[in-house]
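*Asks:* Could you have a look at this structure, given as structure tokens, before my questions?
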Amino acid sequence: MSVFYPDLLTAMMLYDAGDPKRIQHMLKVFTYASLIGEKEGLAPRDLDILKTAAALHDIGIHNAEKLHGSSAGKWQELEGPPVAREILEPFGLGEEFVSRVCFLIGHHHTCDAVDGTDYQILLEADMLVNLYEDGLSPEAARRAGEKLFRTETGREFLDALYPEPTE
Ligand SMILES: [Fe+2]
């Protein structure tokens, strides 16, 4: 899989060409997801599913805006998986792998249906990036993260970005 990620991430950059904000969002979520997945000791195949889903997680935004006039989470979740399948097609990853990736993409705004560590980590990685990109105060970011984060590494990273005030 090691040669796969540069090709996949490049394909995603080209898909989002002209939109540096989305490209940078995608690369940050991919990096956090990879780091948390590795530090949490995910099995190699689960780690690959997580990394692939992280690279593709927001892929439904374009069609959500085009077809529904909105980038709301529910439209992204609906429109993401078919586009993800097209992008993944040339990589020959197998149906079981692709369908879990699509499931994760289709649920990445749904916090109450977590059914695996890959899913939980994707939520945490996306949230670490969104807390910053949405400009939350450190206090609000820490509170929001504490509610959602379950993995030790996710909590460690949250704490690194938004430490408890010392006084
Ligand atoms: Fe995202």
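Residues in the structure tokens are numbered from 1 in each chain, the chains being A, B, ... in the order shown, and ligands are numbered from 1 in the order shown.
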If we count only C-alpha atoms, what is near Thr52 (chain A) at a cut-off of 9 Å, once residues fewer than 3 positions away on the same chain are taken out, given as a VMD selection string?

*Replies:* chain A and resid 5 8 30 47 to 49 55 to 57 101

*Asks:* If the limit is 7 Å from any atom of ligand 1, counting only C-alpha atoms and all ligand atoms, which residues qualify? Return them as a short mmCIF file (atom, residue, chain, number, x, y, z; two decimals) with N, CA, C and O atoms, in the first residue's frame.

*Replies:*
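Output saved as result-v1.cif:
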```cif
data_model
loop_
_atom_site.label_atom_id
_atom_site.label_comp_id
_atom_site.auth_asym_id
_atom_site.auth_seq_id
_atom_site.Cartn_x
_atom_site.Cartn_y
_atom_site.Cartn_z
N HIS A 25 -7.10 20.99 4.19
CA HIS A 25 -7.95 20.29 5.17
C HIS A 25 -7.76 18.78 5.03
O HIS A 25 -7.53 18.06 6.00
N MET A 26 -7.84 18.31 3.80
CA MET A 26 -7.73 16.87 3.52
C MET A 26 -6.38 16.32 3.99
O MET A 26 -6.31 15.28 4.65
N VAL A 29 -6.26 16.17 7.86
CA VAL A 29 -7.06 15.07 8.43
C VAL A 29 -6.37 13.73 8.15
O VAL A 29 -6.31 12.85 9.02
N HIS A 57 -12.55 11.67 2.85
CA HIS A 57 -13.76 11.84 3.68
C HIS A 57 -14.69 12.96 3.22
O HIS A 57 -15.90 12.82 3.34
N ASP A 58 -14.12 14.06 2.68
CA ASP A 58 -14.99 15.18 2.30
C ASP A 58 -15.33 15.20 0.82
O ASP A 58 -15.79 16.21 0.30
N ASP A 126 -10.81 14.51 12.01
CA ASP A 126 -11.56 15.59 11.35
C ASP A 126 -11.84 16.71 12.36
O ASP A 126 -11.73 17.90 12.05
N ASN A 130 -11.07 20.63 12.34
CA ASN A 130 -12.20 21.57 12.29
C ASN A 130 -12.23 22.53 13.48
O ASN A 130 -12.61 23.69 13.33
#
```

*Asks:* Go through region 62-166 of chain A and collect every residue that DSSP, computed from the backbone, puts in alpha helix (DSSP H); the answer should be as a VMD selection string.

*Replies:* chain A and resid 62 to 68 73 to 88 95 to 105 117 to 133 138 to 148 152 to 161

*Asks:* Can you list, as a PyMOL selection string, every protein, DNA or RNA residue that comes within 8 Å of region 146-148 of chain A when you count only C-alpha atoms, leaving out same-chain residues fewer than 4 positions away?

*Replies:* chain A and resi 111+124+142+155

*Asks:* Restrict the selected residues to N, CA and C atoms and save them as an mmCIF file, in the first residue's frame.

*Replies:*
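Just written: again06.cif:
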```
data_model
loop_
_atom_site.group_PDB
_atom_site.id
_atom_site.type_symbol
_atom_site.label_atom_id
_atom_site.label_comp_id
_atom_site.auth_asym_id
_atom_site.auth_seq_id
_atom_site.Cartn_x
_atom_site.Cartn_y
_atom_site.Cartn_z
ATOM 1 N N CYS A 111 -21.946 11.178 14.836
ATOM 2 C CA CYS A 111 -21.111 10.846 15.997
ATOM 3 C C CYS A 111 -21.710 9.742 16.864
ATOM 4 N N GLU A 124 -12.213 11.864 15.210
ATOM 5 C CA GLU A 124 -11.270 12.648 16.019
ATOM 6 C C GLU A 124 -10.331 13.472 15.124
ATOM 7 N N ARG A 142 -11.463 22.674 23.592
ATOM 8 C CA ARG A 142 -11.128 21.617 24.546
ATOM 9 C C ARG A 142 -12.399 20.931 25.052
ATOM 10 N N ARG A 155 -6.858 12.108 22.541
ATOM 11 C CA ARG A 155 -6.898 12.979 23.726
ATOM 12 C C ARG A 155 -5.548 13.662 23.948
#
```

*Asks:* Taking only C-alpha atoms into account, name the residue in A:Ala54, A:Ala33, A:Val114, A:Leu161 that is nearest to Tyr132 (chain A).

*Replies:*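 Checking each of A:Ala54, A:Ala33, A:Val114, A:Leu161 against Tyr132 (chain A), counting only C-alpha atoms, the winner is A:Leu161.
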
*Asks:* Within 8 Å of Ala84 (chain A), counting only C-alpha atoms, which residues qualify if same-chain residues fewer than 4 places away don't, as a ChimeraX atom specification?

*Replies:* /A:56,59,80,88,102

*Asks:* Please compute the CA of His62 (chain A)-CA of Ala113 (chain A) distance, one decimal, in Å.

*Replies:* 24.6 Å

*Asks:* In Å, how far is it from CA of Ile105 (chain A) to CA of Leu158 (chain A)?

*Replies:*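 Between these atoms lies a distance of 22.5 Å.
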
*Asks:* Could you work out how far CA of Asp115 (chain A) lies from CA of Phe103 (chain A), giving the answer in Å with one decimal?

*Replies:*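 CA of Phe103 (chain A) sits 10.7 Å away from CA of Asp115 (chain A).
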
*Asks:* Find the residue from A:Leu136, A:Leu128, A:Ile87, A:Ala53 that sits nearest to Ala160 (chain A); use only C-alpha atoms when measuring.

*Replies:* A:Leu128

*Asks:* Between A:Gly60, A:Glu77, A:Gly37, A:Ile121, which one has atoms that come closest to Asp16 (chain A), using only C-alpha atoms?

*Replies:* A:Gly60

*Asks:* Measuring atom to atom with only C-alpha atoms, identify which of A:Arg22, A:Lys51, A:His108, A:Arg45 is nearest to Gln120 (chain A).

*Replies:* A:His108

*Asks:* Closest to Glu133 (chain A) among A:Gln24, A:Ala17, A:Thr10, A:Leu78, using only C-alpha atoms?

*Replies:*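 Looking at the shortest contact to Glu133 (chain A), the residue is A:Gln24.
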
*Asks:* Taking into account only C-alpha atoms, which residue in the set A:Leu67, A:Val98, A:Leu50, A:Leu42 is nearest to Ala125 (chain A)?

*Replies:*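 Looking at the shortest contact to Ala125 (chain A), the residue is A:Leu50.
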